[in-house]
>>> print(open('protein.cif').read())   # mmCIF, C-alpha atoms
data_coords
#
loop_
_atom_site.label_atom_id
_atom_site.label_comp_id
_atom_site.auth_asym_id
_atom_site.auth_seq_id
_atom_site.Cartn_x
_atom_site.Cartn_y
_atom_site.Cartn_z
CA MET A 12 163.43 119.85 59.54
CA GLU A 13 161.66 122.32 57.29
CA PRO A 14 159.63 124.98 59.15
CA CYS A 15 155.96 124.11 59.41
CA ARG A 16 153.79 125.60 56.66
CA LEU A 17 150.40 126.41 58.08
CA LEU A 18 147.08 127.37 56.55
CA LEU A 19 144.36 128.86 58.79
CA VAL A 20 140.79 128.58 57.52
CA ASP A 21 137.98 130.52 59.21
CA ASP A 22 135.32 132.96 57.99
CA GLU A 23 135.92 135.22 61.04
CA GLU A 24 138.52 137.48 59.45
CA GLU A 25 139.52 139.32 62.65
CA PHE A 26 140.08 136.03 64.45
CA VAL A 27 142.14 134.37 61.76
CA THR A 28 144.32 137.37 60.85
CA THR A 29 145.09 138.12 64.52
CA LEU A 30 145.90 134.47 65.12
CA ALA A 31 148.25 134.49 62.10
CA GLU A 32 150.00 137.57 63.46
CA ARG A 33 150.48 135.96 66.89
CA LEU A 34 151.84 132.80 65.33
CA SER A 35 154.20 134.86 63.21
CA LEU A 36 155.60 136.48 66.38
CA ARG A 37 156.41 132.93 67.47
CA GLY A 38 158.17 132.01 64.26
CA ILE A 39 155.30 130.09 62.68
CA ARG A 40 154.42 131.32 59.21
CA ALA A 41 150.72 131.06 58.45
CA ARG A 42 148.55 131.89 55.46
CA VAL A 43 144.84 132.55 55.89
CA ALA A 44 141.75 131.58 53.93
CA LEU A 45 138.27 132.88 54.70
CA SER A 46 136.29 130.09 53.07
CA GLY A 47 136.51 126.45 52.09
CA GLU A 48 136.85 127.32 48.41
CA GLU A 49 139.66 129.78 49.16
CA ALA A 50 141.42 127.14 51.29
CA LEU A 51 141.39 124.55 48.51
CA GLN A 52 142.72 127.10 46.01
CA ALA A 53 145.43 128.10 48.49
CA LEU A 54 146.53 124.47 48.90
CA ASP A 55 146.60 123.96 45.12
CA SER A 56 148.86 126.97 44.65
CA GLU A 57 151.21 126.34 47.58
CA ALA A 58 151.43 123.24 49.71
CA ALA A 59 151.02 123.24 53.49
CA HIS A 60 151.97 120.80 56.22
CA VAL A 61 149.06 121.56 58.52
CA VAL A 62 145.62 123.13 58.06
CA VAL A 63 143.67 124.56 60.99
CA LEU A 64 140.06 124.43 59.80
CA ASP A 65 136.87 125.82 61.30
CA VAL A 66 134.08 123.25 61.08
CA LEU A 67 131.29 125.77 60.53
CA LEU A 68 132.08 127.62 57.31
CA PRO A 69 129.53 129.33 55.07
CA GLY A 70 129.02 127.65 51.70
CA MET A 71 131.25 124.59 51.60
CA GLY A 72 131.28 123.34 55.20
CA GLY A 73 134.38 122.37 57.12
CA LEU A 74 133.80 118.63 56.93
CA GLU A 75 133.37 118.79 53.14
CA VAL A 76 136.61 120.80 52.91
CA LEU A 77 138.28 118.16 55.07
CA LYS A 78 137.15 115.37 52.73
CA ARG A 79 138.51 117.22 49.70
CA ILE A 80 141.81 117.98 51.39
CA ARG A 81 142.22 114.30 52.31
CA GLN A 82 141.56 113.35 48.70
CA ALA A 83 143.69 115.95 46.94
CA HIS A 84 146.45 116.44 49.54
CA PRO A 85 146.62 113.28 51.64
CA GLY A 86 149.87 114.31 53.33
CA VAL A 87 148.34 117.42 54.88
CA GLN A 88 147.25 117.13 58.51
CA VAL A 89 144.02 118.90 59.47
CA ILE A 90 143.18 120.21 62.92
CA LEU A 91 139.47 121.06 63.29
CA LEU A 92 138.17 124.00 65.30
CA THR A 93 134.65 123.53 66.57
CA GLY A 94 132.48 125.97 68.47
CA ARG A 95 129.79 123.51 69.33
CA GLY A 96 129.15 122.03 72.76
CA SER A 97 128.65 118.51 71.46
CA ASP A 98 131.59 116.45 70.25
CA GLN A 99 129.65 114.74 67.51
CA GLU A 100 130.89 116.88 64.64
CA ALA A 101 134.45 116.73 65.88
CA ARG A 102 134.34 112.94 66.19
CA GLU A 103 132.90 112.76 62.69
CA GLY A 104 135.81 114.85 61.48
CA VAL A 105 138.38 112.62 63.14
CA ALA A 106 136.67 109.60 61.57
CA LEU A 107 137.02 111.36 58.19
CA GLY A 108 140.75 111.72 58.73
CA ALA A 109 141.28 114.90 60.74
CA PHE A 110 144.37 114.80 62.97
CA ASP A 111 142.47 116.12 65.97
CA TYR A 112 140.09 118.88 67.08
CA LEU A 113 139.99 121.80 69.50
CA VAL A 114 137.01 123.74 70.86
CA LYS A 115 136.86 127.47 70.27
CA PRO A 116 138.03 129.76 71.68
CA VAL A 117 141.37 127.95 71.76
CA HIS A 118 144.36 128.68 73.96
CA LEU A 119 147.25 129.62 71.69
CA GLU A 120 149.76 127.41 73.48
CA GLU A 121 147.47 124.40 73.10
CA LEU A 122 146.98 125.14 69.40
CA ILE A 123 150.73 125.48 68.83
CA ARG A 124 151.31 122.17 70.61
CA LYS A 125 148.73 120.50 68.37
CA ILE A 126 150.25 122.09 65.24
CA ARG A 127 153.71 120.79 66.19
CA GLU A 128 152.37 117.28 66.82
CA ALA A 129 150.53 117.34 63.50
CA SER A 130 153.55 118.57 61.56
CA LYS A 131 155.69 115.76 63.01
CA CYS A 132 153.04 113.35 61.81
CA ASN A 133 153.16 115.00 58.39
CA ALA A 134 156.94 114.64 58.26
CA MET A 135 156.58 110.89 58.64
CA GLU A 136 154.20 110.63 55.67
CA LYS A 137 155.22 110.72 52.01
CA PRO A 138 156.32 114.22 50.90
CA TRP A 139 153.38 116.11 49.49
CA ARG A 140 153.12 117.06 45.84
CA ARG A 141 152.51 120.59 44.59
CA MET B 4 96.91 117.07 76.84
CA GLU B 5 99.03 114.90 74.56
CA GLU B 6 98.86 117.58 71.87
CA MET B 7 99.97 120.20 74.41
CA ASN B 8 102.87 117.99 75.47
CA ARG B 9 103.95 117.51 71.82
CA GLN B 10 103.75 121.24 71.25
CA GLY B 11 105.72 121.87 74.44
CA ASP B 12 108.40 119.45 73.26
CA ARG B 13 108.56 121.17 69.87
CA GLU B 14 108.86 124.56 71.53
CA ALA B 15 111.61 123.35 73.84
CA ARG B 16 113.60 121.79 70.98
CA PHE B 17 113.19 125.01 68.96
CA MET B 18 114.48 127.08 71.88
CA GLY B 19 117.35 124.66 72.33
CA ARG B 20 118.37 124.78 68.64
CA ILE B 21 118.33 128.57 68.48
CA THR B 22 120.15 128.95 71.80
CA ALA B 23 122.83 126.41 70.81
CA GLY B 24 123.36 128.28 67.55
CA MET B 25 123.74 131.57 69.35
CA THR B 26 126.27 130.13 71.80
CA HIS B 27 128.35 129.09 68.80
CA GLU B 28 128.31 132.69 67.56
CA ILE B 29 129.26 133.98 71.00
CA ARG B 30 132.21 131.56 71.09
CA ASN B 31 133.45 133.12 67.84
CA VAL B 32 133.27 136.58 69.41
CA LEU B 33 135.18 135.34 72.45
CA ALA B 34 137.80 133.79 70.16
CA VAL B 35 138.37 137.19 68.50
CA MET B 36 138.58 138.91 71.90
CA ARG B 37 141.04 136.35 73.25
CA GLU B 38 143.32 136.60 70.23
CA SER B 39 143.19 140.41 70.12
CA ALA B 40 143.98 140.73 73.83
CA GLY B 41 146.66 138.07 73.40
CA LEU B 42 148.25 140.01 70.53
CA MET B 43 148.36 143.14 72.68
CA GLU B 44 150.04 141.12 75.45
CA ASP B 45 152.54 139.78 72.92
CA ILE B 46 153.34 143.33 71.76
CA MET B 47 153.68 144.55 75.35
CA SER B 48 156.27 141.87 75.99
CA LEU B 49 158.47 142.93 73.03
CA PRO B 50 161.78 144.59 73.97
CA GLU B 51 160.79 147.88 72.31
CA ALA B 52 157.70 148.09 74.54
CA THR B 53 159.67 148.29 77.80
CA SER B 54 159.91 152.08 77.49
CA PHE B 55 156.11 152.50 77.05
CA PRO B 56 155.10 154.69 80.02
CA HIS B 57 151.67 153.08 80.59
CA ARG B 58 152.88 149.50 80.21
CA GLU B 59 151.80 148.32 83.64
CA ARG B 60 148.28 149.74 83.39
CA PHE B 61 147.85 148.26 79.92
CA SER B 62 149.08 144.87 81.10
CA ARG B 63 146.67 144.92 84.06
CA ALA B 64 143.74 145.85 81.83
CA LEU B 65 144.65 143.09 79.37
CA ALA B 66 144.78 140.58 82.21
CA VAL B 67 141.26 141.66 83.23
CA ILE B 68 140.05 141.18 79.65
CA GLN B 69 141.51 137.68 79.53
CA GLN B 70 139.95 136.76 82.88
CA GLN B 71 136.53 137.97 81.72
CA VAL B 72 136.93 136.04 78.46
CA GLU B 73 137.58 132.89 80.53
CA ARG B 74 134.51 133.64 82.62
CA ALA B 75 132.39 134.14 79.50
CA VAL B 76 133.74 130.90 77.98
CA GLU B 77 132.61 129.00 81.07
CA LEU B 78 129.16 130.66 81.03
CA VAL B 79 128.66 130.03 77.32
CA GLY B 80 129.72 126.41 77.77
CA ARG B 81 127.07 125.99 80.48
CA LEU B 82 124.42 127.64 78.33
CA ASN B 83 125.36 125.49 75.36
CA ARG B 84 125.08 122.28 77.41
CA PHE B 85 121.71 123.46 78.73
CA ALA B 86 120.53 124.20 75.19
CA HIS B 87 121.55 120.71 74.09
CA SER B 88 119.54 119.17 76.96
CA MET B 89 116.50 119.90 74.78
CA ASP B 90 117.81 117.77 71.88
CA GLU B 91 116.39 114.44 73.03
CA LEU B 92 113.22 113.54 74.92
CA ARG B 93 115.09 110.72 76.61
CA ALA B 94 118.79 110.45 77.36
CA THR B 95 121.23 109.18 79.97
CA VAL B 96 121.76 111.92 82.53
CA ASP B 97 124.56 112.04 85.09
CA LEU B 98 122.81 113.50 88.13
CA GLY B 99 126.00 114.94 89.63
CA GLU B 100 126.71 116.84 86.41
CA LEU B 101 123.05 117.90 86.25
CA LEU B 102 123.20 119.41 89.74
CA GLU B 103 126.49 121.19 88.97
CA GLN B 104 124.98 122.58 85.77
CA ILE B 105 121.81 123.78 87.53
CA SER B 106 123.82 125.27 90.37
CA ALA B 107 125.84 127.28 87.84
CA LEU B 108 122.73 128.39 85.91
CA LEU B 109 121.06 129.62 89.12
CA ALA B 110 124.24 131.00 90.70
CA ARG B 111 123.33 134.64 90.08
CA GLN B 112 119.80 134.25 91.45
CA ALA B 113 121.17 132.55 94.56
CA ARG B 114 123.87 135.20 94.95
CA ASN B 115 121.28 138.00 94.69
CA ARG B 116 119.42 136.44 97.62
CA ARG B 117 122.64 135.76 99.50
CA VAL B 118 121.95 132.02 99.50
CA GLN B 119 124.69 129.49 98.85
CA LEU B 120 123.94 126.52 96.61
CA LYS B 121 125.98 123.50 97.67
CA VAL B 122 126.14 120.40 95.48
CA GLU B 123 126.92 117.01 97.03
CA VAL B 124 127.22 113.81 95.04
CA GLN B 125 127.32 110.70 97.17
CA ALA B 126 128.86 108.44 94.52
CA GLU B 127 130.48 108.66 91.10
CA GLY B 128 128.44 108.11 87.98
CA ILE B 129 124.85 108.26 89.25
CA ARG B 130 123.04 108.00 85.94
CA VAL B 131 119.38 107.75 85.01
CA SER B 132 117.50 107.54 81.73
CA THR B 133 115.05 110.44 81.60
CA ASP B 134 114.00 113.63 79.83
CA PRO B 135 117.02 115.86 80.55
CA PHE B 136 115.28 119.16 79.94
CA ALA B 137 112.12 118.34 81.90
CA LEU B 138 114.14 117.09 84.87
CA SER B 139 116.35 120.20 84.77
CA MET B 140 113.25 122.39 84.64
CA LEU B 141 111.60 120.67 87.63
CA VAL B 142 114.73 120.79 89.76
CA CYS B 143 115.36 124.44 88.81
CA CYS B 144 111.78 125.39 89.66
CA CYS B 145 112.01 123.63 93.04
CA ILE B 146 115.23 125.49 93.80
CA GLU B 147 113.82 128.83 92.66
CA ARG B 148 110.81 128.43 94.96
CA CYS B 149 113.16 127.55 97.81
CA LEU B 150 115.24 130.65 97.10
CA GLU B 151 112.12 132.83 97.37
CA GLY B 152 111.44 131.63 100.90
CA LEU B 153 114.92 131.19 102.36
CA GLY B 154 116.60 133.84 104.47
CA GLN B 155 119.93 135.46 103.66
CA GLU B 156 123.11 133.51 104.42
CA ALA B 157 121.14 130.25 104.09
CA VAL B 158 122.72 127.21 102.46
CA LEU B 159 120.61 125.09 100.11
CA GLU B 160 122.06 121.65 99.62
CA LEU B 161 121.53 119.74 96.38
CA THR B 162 122.36 116.08 96.80
CA ALA B 163 122.39 113.12 94.41
CA LEU B 164 122.32 109.60 95.84
CA LYS B 165 122.11 106.12 94.40
CA GLU B 166 119.16 104.05 95.51
CA ALA B 167 118.38 100.38 95.11
CA ALA B 168 116.05 101.13 92.22
CA GLY B 169 117.17 104.32 90.53
CA ALA B 170 118.43 107.46 92.22
CA LEU B 171 117.40 110.21 94.62
CA LEU B 172 117.75 113.97 94.37
CA LYS B 173 117.45 115.83 97.66
CA ILE B 174 116.92 119.57 97.96
CA GLY B 175 116.99 121.24 101.34
CA PRO B 176 116.60 122.42 103.92
CA SER B 177 113.65 124.06 102.18
CA PRO B 178 111.42 126.83 103.58
CA PHE B 179 108.32 124.64 103.04
CA LYS B 180 106.18 123.13 105.74
CA ALA B 181 104.30 119.92 105.02
CA GLN B 182 100.67 119.65 106.00
CA ALA B 183 100.17 117.40 109.01
CA ASP B 184 98.87 114.48 106.97
CA GLN B 185 101.01 115.04 103.90
CA LYS B 186 104.04 112.82 103.52
CA MET B 187 104.10 112.39 99.77
CA GLY B 188 103.68 114.63 96.75
CA LEU B 189 104.68 118.20 96.15
CA PRO B 190 104.15 120.84 98.82
CA PRO B 191 101.43 123.40 97.97
CA GLU B 192 104.08 125.90 96.87
CA LEU B 193 105.18 123.49 94.13
CA SER B 194 101.80 121.98 93.21
CA CYS B 195 101.82 123.78 89.85
CA PHE B 196 104.65 121.47 88.78
CA SER B 197 102.79 118.26 89.56
CA ASP B 198 102.14 117.55 85.84
CA LEU B 199 105.84 117.85 85.14
CA ALA B 200 106.71 115.53 88.02
CA ASP B 201 104.08 113.02 86.87
CA SER B 202 105.40 113.07 83.28
CA LEU B 203 108.85 112.19 84.61
CA GLY B 204 107.48 109.34 86.72
CA LEU B 205 109.06 110.80 89.86
CA GLU B 206 108.13 109.84 93.37
CA ILE B 207 108.24 112.90 95.60
CA ARG B 208 108.40 112.66 99.36
CA TYR B 209 109.52 114.66 102.35
CA GLN B 210 112.25 114.04 104.81
CA GLU B 211 112.66 115.93 108.07
CA GLY B 212 116.11 117.42 108.37
CA GLU B 213 118.45 116.67 111.24
CA CYS B 214 117.84 118.65 114.43
CA GLY B 215 114.61 120.02 113.01
CA LYS B 216 116.55 121.89 110.33
CA GLY B 217 113.60 121.99 107.97
CA LEU B 218 111.99 119.88 105.34
CA TRP B 219 113.95 118.20 102.56
CA LEU B 220 112.34 117.58 99.22
CA CYS B 221 113.27 114.14 97.87
CA LEU B 222 112.75 113.31 94.19
CA GLY B 223 112.97 109.58 93.53
CA ILE B 224 113.93 108.88 89.93
CA PRO B 225 113.31 105.35 88.64
#
>>> encode(input="protein.cif", output="structure tokens")
Amino acid sequence: MEPCRLLLVDDEEEFVTTLAERLSLRGIRARVALSGEEALQALDSEAAHVVVLDVLLPGMGGLEVLKRIRQAHPGVQVILLTGRGSDQEAREGVALGAFDYLVKPVHLEELIRKIREASKCNAMEKPWRR
Amino acid sequence: MEEMNRQGDREARFMGRITAGMTHEIRNVLAVMRESAGLMEDIMSLPEATSFPHRERFSRALAVIQQQVERAVELVGRLNRFAHSMDELRATVDLGELLEQISALLARQARNRRVQLKVEVQAEGIRVSTDPFALSMLVCCCIERCLEGLGQEAVLELTALKEAAGALLKIGPSPFKAQADQKMGLPPELSCFSDLADSLGLEIRYQEGECGKGLWLCLGIP
């Protein structure tokens, strides 16, 4: 099976670049995007299997990004990261087609497990188009 | 009075919104700290790091950082849930969870006075429909007044029980003494909260503790 291609989307640059580095040490290649707009451009230029997406992004919010990803790249699985105490936003995201959600700050092992589950799900869908 | 209540509700919801927003920001900070400490742990576990002379001290310090991050995550979670209690004027409240939440929020105050807060829930899923923030505030204020009067090494029990009609919250043994003819209502030390208790529709009564162990405050919630 092809290695999982991952896109991390969060406006907290230190968080997302450190997370990418830790994933890379574990053999998971990850690109980063610091905004919703950047994430959509990144997906248009190079496909991904899984997107880890912060719900609260400045400008285009996470749920709007999710909707656009589901429209333009239906094979991509999206894992939402939420920092809020209430589950409402996360449930809304899952209803919009997100694979699942995790509450920040996440445990790396749990995130990796979720990424692997999501990429298996992606493998069962039609191959994505560039 | 109604205008004051509306204003109070607006103020509480404002506080809640701002606090909830801030807890989200704090979670982001904790996420950065966790990942940065985690990256340092990853690097320390690489083969080329085995010859680093201060490896053990670094690893211990990183473990402390991770423990404190976990502690902060728990605290922020509690604060976030408390902030969200101001969202609605009426909601279903699990009294066991409420007492656990309040016990955690007042843990430092209790610790400073060397008093232990002990939560007991007599049954699963004791739920009432009420104003979550107002109930939390009344219970917190009752506990705080108890803490002021209790001696060191005391144990203050917070109990939730199901009743035929509604539920009962018991706080005690308290340092209060009821007046000879007073069986119902708040003790004088808590009389300033009578408006709050009335707005919640609570029945407040006393119960003598076993073996004369003091007076228990009982809040009957319909």
>>> residues_around(input="protein.cif", residues="B:Glu192", least_positions_apart="5", cutoff="12 Å", atoms="all atoms listed in the file", output="PyMOL selection string")
chain B and resi 144-149+151-152+177-182+197+220
>>> interface_residues(input="protein.cif", of="chain A", to="chain B", cutoff="9 Å", atoms="all atoms listed in the file", output="ChimeraX atom specification")
/A:23,25-27,29-30,32-33,36,93-97,115-119
>>> write_last_selection(input="protein.cif", atoms="C-alpha atoms", output="PDB file, keeping the file's coordinate frame")
ATOM      1  CA  GLU A  23     135.920 135.220  61.040  1.00  0.00           C
ATOM      2  CA  GLU A  25     139.520 139.320  62.650  1.00  0.00           C
ATOM      3  CA  PHE A  26     140.080 136.030  64.450  1.00  0.00           C
ATOM      4  CA  VAL A  27     142.140 134.370  61.760  1.00  0.00           C
ATOM      5  CA  THR A  29     145.090 138.120  64.520  1.00  0.00           C
ATOM      6  CA  LEU A  30     145.900 134.470  65.120  1.00  0.00           C
ATOM      7  CA  GLU A  32     150.000 137.570  63.460  1.00  0.00           C
ATOM      8  CA  ARG A  33     150.480 135.960  66.890  1.00  0.00           C
ATOM      9  CA  LEU A  36     155.600 136.480  66.380  1.00  0.00           C
ATOM     10  CA  THR A  93     134.650 123.530  66.570  1.00  0.00           C
ATOM     11  CA  GLY A  94     132.480 125.970  68.470  1.00  0.00           C
ATOM     12  CA  ARG A  95     129.790 123.510  69.330  1.00  0.00           C
ATOM     13  CA  GLY A  96     129.150 122.030  72.760  1.00  0.00           C
ATOM     14  CA  SER A  97     128.650 118.510  71.460  1.00  0.00           C
ATOM     15  CA  LYS A 115     136.860 127.470  70.270  1.00  0.00           C
ATOM     16  CA  PRO A 116     138.030 129.760  71.680  1.00  0.00           C
ATOM     17  CA  VAL A 117     141.370 127.950  71.760  1.00  0.00           C
ATOM     18  CA  HIS A 118     144.360 128.680  73.960  1.00  0.00           C
ATOM     19  CA  LEU A 119     147.250 129.620  71.690  1.00  0.00           C
TER      20      LEU A 119
END
>>> resolve_selection(input="protein.cif", expression="the PyMOL selection byres ((chain A and resi 102-108) around 8)", output="list in words")
Leu74, Leu77, Lys78, Arg81, Val89, Leu91, Asp98, Gln99, Glu100, Ala101, Ala109, Phe110, Asp111 and Tyr112 of chain A
>>> resolve_selection(input="protein.cif", expression="the PyMOL selection byres ((chain B and resi 104-112) around 12)", output="PDB file with C-alpha atoms, in the frame of the given file")
ATOM      1  CA  ARG B  74     134.510 133.640  82.620  1.00  0.00           C
ATOM      2  CA  GLU B  77     132.610 129.000  81.070  1.00  0.00           C
ATOM      3  CA  LEU B  78     129.160 130.660  81.030  1.00  0.00           C
ATOM      4  CA  VAL B  79     128.660 130.030  77.320  1.00  0.00           C
ATOM      5  CA  GLY B  80     129.720 126.410  77.770  1.00  0.00           C
ATOM      6  CA  ARG B  81     127.070 125.990  80.480  1.00  0.00           C
ATOM      7  CA  LEU B  82     124.420 127.640  78.330  1.00  0.00           C
ATOM      8  CA  ASN B  83     125.360 125.490  75.360  1.00  0.00           C
ATOM      9  CA  ARG B  84     125.080 122.280  77.410  1.00  0.00           C
ATOM     10  CA  PHE B  85     121.710 123.460  78.730  1.00  0.00           C
ATOM     11  CA  ALA B  86     120.530 124.200  75.190  1.00  0.00           C
ATOM     12  CA  SER B  88     119.540 119.170  76.960  1.00  0.00           C
ATOM     13  CA  VAL B  96     121.760 111.920  82.530  1.00  0.00           C
ATOM     14  CA  ASP B  97     124.560 112.040  85.090  1.00  0.00           C
ATOM     15  CA  LEU B  98     122.810 113.500  88.130  1.00  0.00           C
ATOM     16  CA  GLY B  99     126.000 114.940  89.630  1.00  0.00           C
ATOM     17  CA  GLU B 100     126.710 116.840  86.410  1.00  0.00           C
ATOM     18  CA  LEU B 101     123.050 117.900  86.250  1.00  0.00           C
ATOM     19  CA  LEU B 102     123.200 119.410  89.740  1.00  0.00           C
ATOM     20  CA  GLU B 103     126.490 121.190  88.970  1.00  0.00           C
ATOM     21  CA  ALA B 113     121.170 132.550  94.560  1.00  0.00           C
ATOM     22  CA  ARG B 114     123.870 135.200  94.950  1.00  0.00           C
ATOM     23  CA  ASN B 115     121.280 138.000  94.690  1.00  0.00           C
ATOM     24  CA  ARG B 116     119.420 136.440  97.620  1.00  0.00           C
ATOM     25  CA  ARG B 117     122.640 135.760  99.500  1.00  0.00           C
ATOM     26  CA  VAL B 118     121.950 132.020  99.500  1.00  0.00           C
ATOM     27  CA  GLN B 119     124.690 129.490  98.850  1.00  0.00           C
ATOM     28  CA  LEU B 120     123.940 126.520  96.610  1.00  0.00           C
ATOM     29  CA  LYS B 121     125.980 123.500  97.670  1.00  0.00           C
ATOM     30  CA  VAL B 122     126.140 120.400  95.480  1.00  0.00           C
ATOM     31  CA  GLU B 123     126.920 117.010  97.030  1.00  0.00           C
ATOM     32  CA  PRO B 135     117.020 115.860  80.550  1.00  0.00           C
ATOM     33  CA  PHE B 136     115.280 119.160  79.940  1.00  0.00           C
ATOM     34  CA  LEU B 138     114.140 117.090  84.870  1.00  0.00           C
ATOM     35  CA  SER B 139     116.350 120.200  84.770  1.00  0.00           C
ATOM     36  CA  MET B 140     113.250 122.390  84.640  1.00  0.00           C
ATOM     37  CA  LEU B 141     111.600 120.670  87.630  1.00  0.00           C
ATOM     38  CA  VAL B 142     114.730 120.790  89.760  1.00  0.00           C
ATOM     39  CA  CYS B 143     115.360 124.440  88.810  1.00  0.00           C
ATOM     40  CA  CYS B 144     111.780 125.390  89.660  1.00  0.00           C
ATOM     41  CA  CYS B 145     112.010 123.630  93.040  1.00  0.00           C
ATOM     42  CA  ILE B 146     115.230 125.490  93.800  1.00  0.00           C
ATOM     43  CA  GLU B 147     113.820 128.830  92.660  1.00  0.00           C
ATOM     44  CA  ARG B 148     110.810 128.430  94.960  1.00  0.00           C
ATOM     45  CA  CYS B 149     113.160 127.550  97.810  1.00  0.00           C
ATOM     46  CA  LEU B 150     115.240 130.650  97.100  1.00  0.00           C
ATOM     47  CA  GLU B 151     112.120 132.830  97.370  1.00  0.00           C
ATOM     48  CA  LEU B 159     120.610 125.090 100.110  1.00  0.00           C
ATOM     49  CA  GLU B 160     122.060 121.650  99.620  1.00  0.00           C
ATOM     50  CA  LEU B 161     121.530 119.740  96.380  1.00  0.00           C
ATOM     51  CA  THR B 162     122.360 116.080  96.800  1.00  0.00           C
ATOM     52  CA  ILE B 174     116.920 119.570  97.960  1.00  0.00           C
TER      53      ILE B 174
END
>>> closest_residue(input="protein.cif", among="A:Cys15, A:Ala129, A:Val20, A:Ala31", to="A:Ala59", atoms="all atoms listed in the file")
A:Cys15
>>> closest_residue(input="protein.cif", among="A:Glu24, A:Ile80, A:Glu121, A:Glu13", to="A:Gln52", atoms="only C-alpha atoms")
A:Ile80
>>> atom_distance(input="protein.cif", atom1="atom CA of A:Leu51", atom2="atom CA of A:Ser35")
22.1 Å
>>> closest_residue(input="protein.cif", among="B:Trp219, B:Thr22, B:Ala126, B:Ala15", to="B:Ile207", atoms="only C-alpha atoms")
B:Trp219
>>> resolve_selection(input="protein.cif", expression="the PyMOL selection byres ((chain B and resi 12) around 12)", output="MDAnalysis selection string")
chainID B and resid 5:11 13:19 88:93 134:137
>>> atom_distance(input="protein.cif", atom1="atom CA of B:Cys221", atom2="atom CA of B:Tyr209")
5.9 Å
>>> residues_around(input="protein.cif", residues="B:Ser62", least_positions_apart="2", cutoff="10 Å", atoms="all atoms listed in the file", output="ChimeraX atom specification")
/B:40,43-44,47-48,57-60,64-68
>>> decode(input="protein.cif", residues="stretch 50-94 of chain B", atoms="C-alpha atoms", output="mmCIF file, in the first residue's frame")
data_model
loop_
_atom_site.group_PDB
_atom_site.id
_atom_site.type_symbol
_atom_site.label_atom_id
_atom_site.label_comp_id
_atom_site.auth_asym_id
_atom_site.auth_seq_id
_atom_site.Cartn_x
_atom_site.Cartn_y
_atom_site.Cartn_z
ATOM 1 C CA PRO B 50 20.728 6.316 18.799
ATOM 2 C CA GLU B 51 23.068 9.304 18.355
ATOM 3 C CA ALA B 52 21.724 10.838 21.581
ATOM 4 C CA THR B 53 22.907 7.990 23.820
ATOM 5 C CA SER B 54 26.307 9.662 24.232
ATOM 6 C CA PHE B 55 24.773 12.997 25.363
ATOM 7 C CA PRO B 56 26.194 13.504 28.879
ATOM 8 C CA HIS B 57 23.086 15.193 30.353
ATOM 9 C CA ARG B 58 20.592 12.791 28.810
ATOM 10 C CA GLU B 59 19.063 11.618 32.062
ATOM 11 C CA ARG B 60 18.531 15.112 33.466
ATOM 12 C CA PHE B 61 16.993 16.268 30.187
ATOM 13 C CA SER B 62 14.685 13.263 30.084
ATOM 14 C CA ARG B 63 13.550 13.887 33.673
ATOM 15 C CA ALA B 64 12.873 17.556 32.961
ATOM 16 C CA LEU B 65 10.912 16.655 29.824
ATOM 17 C CA ALA B 66 8.831 14.179 31.816
ATOM 18 C CA VAL B 67 8.022 16.979 34.289
ATOM 19 C CA ILE B 68 6.964 19.252 31.414
ATOM 20 C CA GLN B 69 4.665 16.570 30.025
ATOM 21 C CA GLN B 70 3.117 15.927 33.450
ATOM 22 C CA GLN B 71 2.447 19.638 33.939
ATOM 23 C CA VAL B 72 0.942 19.861 30.447
ATOM 24 C CA GLU B 73 -1.446 17.021 31.413
ATOM 25 C CA ARG B 74 -2.308 18.853 34.618
ATOM 26 C CA ALA B 75 -2.971 22.078 32.708
ATOM 27 C CA VAL B 76 -5.109 20.212 30.148
ATOM 28 C CA GLU B 77 -7.289 18.891 32.971
ATOM 29 C CA LEU B 78 -7.584 22.354 34.582
ATOM 30 C CA VAL B 79 -8.415 24.061 31.291
ATOM 31 C CA GLY B 80 -11.010 21.391 30.548
ATOM 32 C CA ARG B 81 -12.674 22.098 33.900
ATOM 33 C CA LEU B 82 -12.589 25.837 33.302
ATOM 34 C CA ASN B 83 -14.014 25.407 29.824
ATOM 35 C CA ARG B 84 -16.908 23.281 31.112
ATOM 36 C CA PHE B 85 -17.564 25.878 33.823
ATOM 37 C CA ALA B 86 -17.549 28.659 31.231
ATOM 38 C CA HIS B 87 -20.070 26.755 29.122
ATOM 39 C CA SER B 88 -22.378 26.377 32.147
ATOM 40 C CA MET B 89 -23.285 30.022 31.487
ATOM 41 C CA ASP B 90 -24.500 29.283 27.929
ATOM 42 C CA GLU B 91 -28.087 28.379 28.813
ATOM 43 C CA LEU B 92 -30.431 29.621 31.524
ATOM 44 C CA ARG B 93 -31.922 26.155 31.758
ATOM 45 C CA ALA B 94 -30.299 22.828 30.980
#
